[in-house]
Amino acid sequence: EPVFKIIDTTLREGEQFATTFFTTEDKRVIAQMLDDLGVEYIEVMNPLASAQTAKDCEIISSMGLKAKIASHVRCNMVDVKEAINRGITVIHMYMATSPALKKFSHGKNLREIIEAAKEAITYCKERNVEVRFSCEDTFRSDLADLLEIYSTLSEFGVDRIGLADTVGVASPLQVLDTVRRIARVVTCEIGYHTHNDTGCCIANALLALQGGVTHIDTSVLGIGERNGITPLGGFLARMYTYNAGYKSMIIERYNLRVLKPLEEYVSHCAGVDIPFNNYVTGWSAFTHKAGVHSKAVLQNPSSYEVICPDDFGVSRDIKLAHRLTGWNAVGERSTQLGLDLSESSIKEAAKFIKTLADTKKVDLEMLDKALQNVGGGRPVNYG
Ligand code: HCA
Ligand code: CU
């Protein structure tokens, strides 16, 4: 399997989400939880963003975490020096290379971009600082330019290059193709960062890995500019289910039970709810309803679940009281209630609840009453 490392950028890209506000304590808690979960890198903001941001960079980098702390800065000496002075030992630099962005930011040509990167790389390497250079808006940049920048910097000694789909525009096969072409001309590590404007962020992260990428950027709940980037939980779900090799690697390498409390914490700081259909942790992610599904899941959960909820510390829910229910599911409920009912009584209760549910929304209490009724023969008023 291609090995990969996770660079979680909740504390950088995630702070760029519309309604995020992190106090110093929030950043400390999130960094600690990310470290407990086991991500390999935690990306923090440019210390030049604000005075408190600079202090927070120092605080996070001196927490003694297992994860490497990387600071995300523009590709210039002022930014790079400031981050290193704050105790940062991994520099993630970026510079726009697409015609669409170049002219609104630095206005440099290809040669000047490469020179600026080389100067910063030299400064980092002289100080034993790991350094990555990323072409902002990679997928709207000229391929010839990309190949030249990346191959030159790889040869020059950059530790990692980054491909950034800043606007979330690339299609999956385009990502695979571009990554492959770039991987052929470099010997360094390759990172991939993608926004989710067109809903391809997780698929594209997978294809980037298949093409030769080694590091994937994520954020908790996918928070970031606009509608965000590859979500940590969704990416873990994707890789966990990709094949048996990845599954055992992920279970071994990451403490998956930290995901849910981490998401809950971040959702609070970002001022958003966890979506009902969120990967793994959404409230309906392991909720089964139709009789056919419920019966099968009761016998063998993997019939309709590709992820074992217990691995992530979340639980399964089988909805029993509705008109799609079946007598197997109803029988399971009678067992939960400790009732000792015959098959025909269970079938009678199931039939009753299905008929009732054709006229209105029913709940578990009504099903329980029906089961008790067929068992004990007591008349019950169902309203
Ligand atoms: C941004 C920059 C960035 C950088 C990604 C990277 C992007 O637009 O704020 O450094 O690889 O999406 O291009 O997040
Ligand atoms: Cu981004």
# chains A, B, ... in the order shown; residues from 1 in each chain; ligands from 1

call {"tool": "residues_around", "arguments": {"residues": "Arg140 (chain A)", "least_positions_apart": "5", "cutoff": "8 Å", "atoms": "only C-alpha atoms", "output": "VMD selection string"}}
result
chain A and resid 98 to 100

call {"tool": "residues_around", "arguments": {"residues": "region 30-43 of chain A", "least_positions_apart": "2", "cutoff": "9 Å", "atoms": "only C-alpha atoms", "output": "PyMOL selection string"}}
result
chain A and resi 5-13+25-28+45+60+63+65-72+90+92+253-259+261-262+265-266

call {"tool": "residues_near_ligand", "arguments": {"ligand": "ligand 1", "cutoff": "10 Å", "atoms": "only C-alpha atoms and all ligand atoms", "output": "MDAnalysis selection string"}}
result
chainID A and resid 9 12:14 16 43 71:74 92:96 101 132:138 161:168 191:195 216:217 224:225 228:229

call {"tool": "select_by_dssp", "arguments": {"residues": "region 129-211 of chain A", "states": "alpha helix (DSSP H)", "output": "number ranges by chain"}}
result
A: 143-156, 172-185, 201-211

call {"tool": "residues_around", "arguments": {"residues": "region 359-375 of chain A", "least_positions_apart": "2", "cutoff": "10 Å", "atoms": "only C-alpha atoms", "output": "PyMOL selection string"}}
result
chain A and resi 319-323+330-331+333-334+337+339-342+344-357+377-383

call {"tool": "residues_around", "arguments": {"residues": "Tyr304 (chain A)", "least_positions_apart": "3", "cutoff": "10 Å", "atoms": "only C-alpha atoms", "output": "number ranges by chain"}}
result
A: 286, 288, 293-294, 296-297, 300-301, 307

call {"tool": "residues_around", "arguments": {"residues": "Tyr150 (chain A)", "least_positions_apart": "2", "cutoff": "10 Å", "atoms": "only C-alpha atoms", "output": "ChimeraX atom specification"}}
result
/A:114,133-135,145-148,152-156,158,160-163,182-183,185-188,190

call {"tool": "closest_residue", "arguments": {"among": "A:Arg184, A:Gly157, A:Gly222, A:Asn76", "to": "ligand 2", "atoms": "only C-alpha atoms and all ligand atoms"}}
result
A:Gly222

call {"tool": "closest_residue", "arguments": {"among": "A:Glu112, A:Glu126, A:Glu82, A:Asp197", "to": "ligand 2", "atoms": "only C-alpha atoms and all ligand atoms"}}
result
A:Asp197

call {"tool": "closest_residue", "arguments": {"among": "A:Gly245, A:Ile223, A:Lys103, A:Val175", "to": "ligand 2", "atoms": "only C-alpha atoms and all ligand atoms"}}
result
A:Ile223

call {"tool": "closest_residue", "arguments": {"among": "A:Leu48, A:Arg226, A:Arg127, A:Ile149", "to": "ligand 2", "atoms": "only C-alpha atoms and all ligand atoms"}}
result
A:Arg226

call {"tool": "residues_around", "arguments": {"residues": "Phe4 (chain A)", "least_positions_apart": "4", "cutoff": "8 Å", "atoms": "only C-alpha atoms", "output": "VMD selection string"}}
result
chain A and resid 209 213 to 216

call {"tool": "write_last_selection", "arguments": {"atoms": "N, CA and C atoms", "output": "compact mmCIF listing (two decimals), in the first residue's frame"}}
result
# COMPACT_ATOMS: atom_id res chain seq x y z
N LEU A 209 -3.54 9.92 -3.87
CA LEU A 209 -2.68 8.90 -3.25
C LEU A 209 -2.32 7.83 -4.27
N VAL A 213 0.88 10.69 -4.40
CA VAL A 213 0.98 11.65 -3.31
C VAL A 213 1.28 10.92 -2.00
N THR A 214 1.98 11.58 -1.09
CA THR A 214 2.35 10.94 0.17
C THR A 214 1.67 11.59 1.39
N HIS A 215 1.23 12.84 1.25
CA HIS A 215 0.65 13.56 2.39
C HIS A 215 -0.69 14.17 1.97
N ILE A 216 -1.71 14.00 2.82
CA ILE A 216 -3.03 14.54 2.52
C ILE A 216 -3.42 15.57 3.59

call {"tool": "closest_residue", "arguments": {"among": "A:Thr178, A:Ala18, A:Ser219, A:Gly199", "to": "ligand 2", "atoms": "only C-alpha atoms and all ligand atoms"}}
result
A:Ser219

call {"tool": "residues_around", "arguments": {"residues": "Phe21 (chain A)", "least_positions_apart": "6", "cutoff": "7 Å", "atoms": "only C-alpha atoms", "output": "list in words"}}
result
Glu15, Cys269 and Ala270 of chain A

call {"tool": "atom_distance", "arguments": {"atom1": "CA of Thr97 (chain A)", "atom2": "CA of Ala49 (chain A)"}}
result
22.3 Å

call {"tool": "atom_distance", "arguments": {"atom1": "atom 1 (Cu, counted along the ligand's line) of ligand 2", "atom2": "CA of Thr198 (chain A)"}}
result
14.1 Å

call {"tool": "select_by_dssp", "arguments": {"residues": "region 41-191 of chain A", "states": "strand (DSSP E)", "output": "ChimeraX atom specification"}}
result
/A:41-44,68-74,90-96,130-136,160-165,189-191

call {"tool": "write_last_selection", "arguments": {"atoms": "N, CA and C atoms", "output": "mmCIF file, in the first residue's frame"}}
result
data_model
loop_
_atom_site.group_PDB
_atom_site.id
_atom_site.type_symbol
_atom_site.label_atom_id
_atom_site.label_comp_id
_atom_site.auth_asym_id
_atom_site.auth_seq_id
_atom_site.Cartn_x
_atom_site.Cartn_y
_atom_site.Cartn_z
ATOM 1 N N TYR A 41 0.899 15.409 11.193
ATOM 2 C CA TYR A 41 1.250 16.836 11.185
ATOM 3 C C TYR A 41 0.052 17.666 11.623
ATOM 4 N N ILE A 42 0.357 18.754 12.323
ATOM 5 C CA ILE A 42 -0.670 19.751 12.644
ATOM 6 C C ILE A 42 -0.191 21.065 12.046
ATOM 7 N N GLU A 43 -1.005 21.601 11.128
ATOM 8 C CA GLU A 43 -0.611 22.861 10.492
ATOM 9 C C GLU A 43 -1.221 24.031 11.252
ATOM 10 N N VAL A 44 -0.402 25.019 11.551
ATOM 11 C CA VAL A 44 -0.901 26.224 12.236
ATOM 12 C C VAL A 44 -0.730 27.428 11.316
ATOM 13 N N LYS A 68 4.226 16.595 14.128
ATOM 14 C CA LYS A 68 5.061 17.742 13.771
ATOM 15 C C LYS A 68 4.167 18.964 13.598
ATOM 16 N N ILE A 69 4.658 20.107 14.046
ATOM 17 C CA ILE A 69 3.888 21.344 13.921
ATOM 18 C C ILE A 69 4.447 22.150 12.752
ATOM 19 N N ALA A 70 3.595 22.373 11.761
ATOM 20 C CA ALA A 70 4.014 23.117 10.573
ATOM 21 C C ALA A 70 3.313 24.461 10.551
ATOM 22 N N SER A 71 4.049 25.503 10.158
ATOM 23 C CA SER A 71 3.403 26.803 10.017
ATOM 24 C C SER A 71 3.217 27.110 8.536
ATOM 25 N N HIS A 72 2.052 27.652 8.217
ATOM 26 C CA HIS A 72 1.696 27.918 6.821
ATOM 27 C C HIS A 72 1.982 29.378 6.518
ATOM 28 N N VAL A 73 2.952 29.617 5.657
ATOM 29 C CA VAL A 73 3.384 31.003 5.397
ATOM 30 C C VAL A 73 3.492 31.281 3.902
ATOM 31 N N ARG A 74 3.521 32.549 3.573
ATOM 32 C CA ARG A 74 3.789 32.914 2.181
ATOM 33 C C ARG A 74 5.258 32.641 1.889
ATOM 34 N N VAL A 90 8.728 23.028 10.937
ATOM 35 C CA VAL A 90 8.286 22.626 9.592
ATOM 36 C C VAL A 90 7.635 23.840 8.938
ATOM 37 N N ILE A 91 8.137 24.202 7.767
ATOM 38 C CA ILE A 91 7.595 25.359 7.050
ATOM 39 C C ILE A 91 6.801 24.874 5.838
ATOM 40 N N HIS A 92 5.545 25.316 5.766
ATOM 41 C CA HIS A 92 4.724 25.062 4.577
ATOM 42 C C HIS A 92 4.552 26.392 3.853
ATOM 43 N N MET A 93 5.243 26.555 2.724
ATOM 44 C CA MET A 93 5.144 27.818 1.984
ATOM 45 C C MET A 93 4.251 27.607 0.771
ATOM 46 N N TYR A 94 3.628 28.671 0.343
ATOM 47 C CA TYR A 94 2.827 28.576 -0.873
ATOM 48 C C TYR A 94 2.971 29.853 -1.678
ATOM 49 N N MET A 95 2.798 29.712 -2.982
ATOM 50 C CA MET A 95 2.821 30.867 -3.875
ATOM 51 C C MET A 95 1.939 30.564 -5.077
ATOM 52 N N ALA A 96 1.178 31.559 -5.502
ATOM 53 C CA ALA A 96 0.252 31.342 -6.615
ATOM 54 C C ALA A 96 1.016 31.124 -7.922
ATOM 55 N N GLU A 130 12.306 21.411 8.227
ATOM 56 C CA GLU A 130 11.655 20.715 7.108
ATOM 57 C C GLU A 130 10.869 21.752 6.302
ATOM 58 N N VAL A 131 10.939 21.646 4.971
ATOM 59 C CA VAL A 131 10.291 22.680 4.174
ATOM 60 C C VAL A 131 9.500 22.099 3.001
ATOM 61 N N ARG A 132 8.302 22.658 2.838
ATOM 62 C CA ARG A 132 7.429 22.269 1.736
ATOM 63 C C ARG A 132 7.083 23.501 0.908
ATOM 64 N N PHE A 133 7.062 23.315 -0.402
ATOM 65 C CA PHE A 133 6.629 24.415 -1.277
ATOM 66 C C PHE A 133 5.419 23.970 -2.087
ATOM 67 N N SER A 134 4.379 24.808 -2.049
ATOM 68 C CA SER A 134 3.133 24.445 -2.724
ATOM 69 C C SER A 134 2.770 25.503 -3.761
ATOM 70 N N CYS A 135 2.337 25.040 -4.928
ATOM 71 C CA CYS A 135 1.843 25.961 -5.954
ATOM 72 C C CYS A 135 0.357 26.180 -5.702
ATOM 73 N N GLU A 136 -0.002 27.367 -5.248
ATOM 74 C CA GLU A 136 -1.417 27.653 -5.022
ATOM 75 C C GLU A 136 -2.141 27.577 -6.362
ATOM 76 N N ARG A 160 9.334 18.515 0.475
ATOM 77 C CA ARG A 160 8.026 18.098 -0.050
ATOM 78 C C ARG A 160 7.484 19.209 -0.932
ATOM 79 N N ILE A 161 6.827 18.813 -2.004
ATOM 80 C CA ILE A 161 6.093 19.782 -2.805
ATOM 81 C C ILE A 161 4.612 19.603 -2.479
ATOM 82 N N GLY A 162 3.842 20.658 -2.709
ATOM 83 C CA GLY A 162 2.409 20.568 -2.437
ATOM 84 C C GLY A 162 1.610 20.889 -3.682
ATOM 85 N N LEU A 163 0.546 20.111 -3.891
ATOM 86 C CA LEU A 163 -0.404 20.402 -4.970
ATOM 87 C C LEU A 163 -1.672 20.899 -4.287
ATOM 88 N N ALA A 164 -2.110 22.080 -4.664
ATOM 89 C CA ALA A 164 -3.270 22.656 -3.984
ATOM 90 C C ALA A 164 -4.384 22.950 -4.978
ATOM 91 N N ASP A 165 -5.512 22.282 -4.785
ATOM 92 C CA ASP A 165 -6.690 22.632 -5.585
ATOM 93 C C ASP A 165 -7.462 23.678 -4.790
ATOM 94 N N GLU A 189 8.838 14.131 -1.272
ATOM 95 C CA GLU A 189 7.465 13.816 -0.883
ATOM 96 C C GLU A 189 6.498 14.762 -1.604
ATOM 97 N N ILE A 190 5.230 14.335 -1.687
ATOM 98 C CA ILE A 190 4.233 15.162 -2.379
ATOM 99 C C ILE A 190 2.981 15.289 -1.509
ATOM 100 N N GLY A 191 2.564 16.521 -1.282
ATOM 101 C CA GLY A 191 1.349 16.759 -0.502
ATOM 102 C C GLY A 191 0.189 17.150 -1.418
#
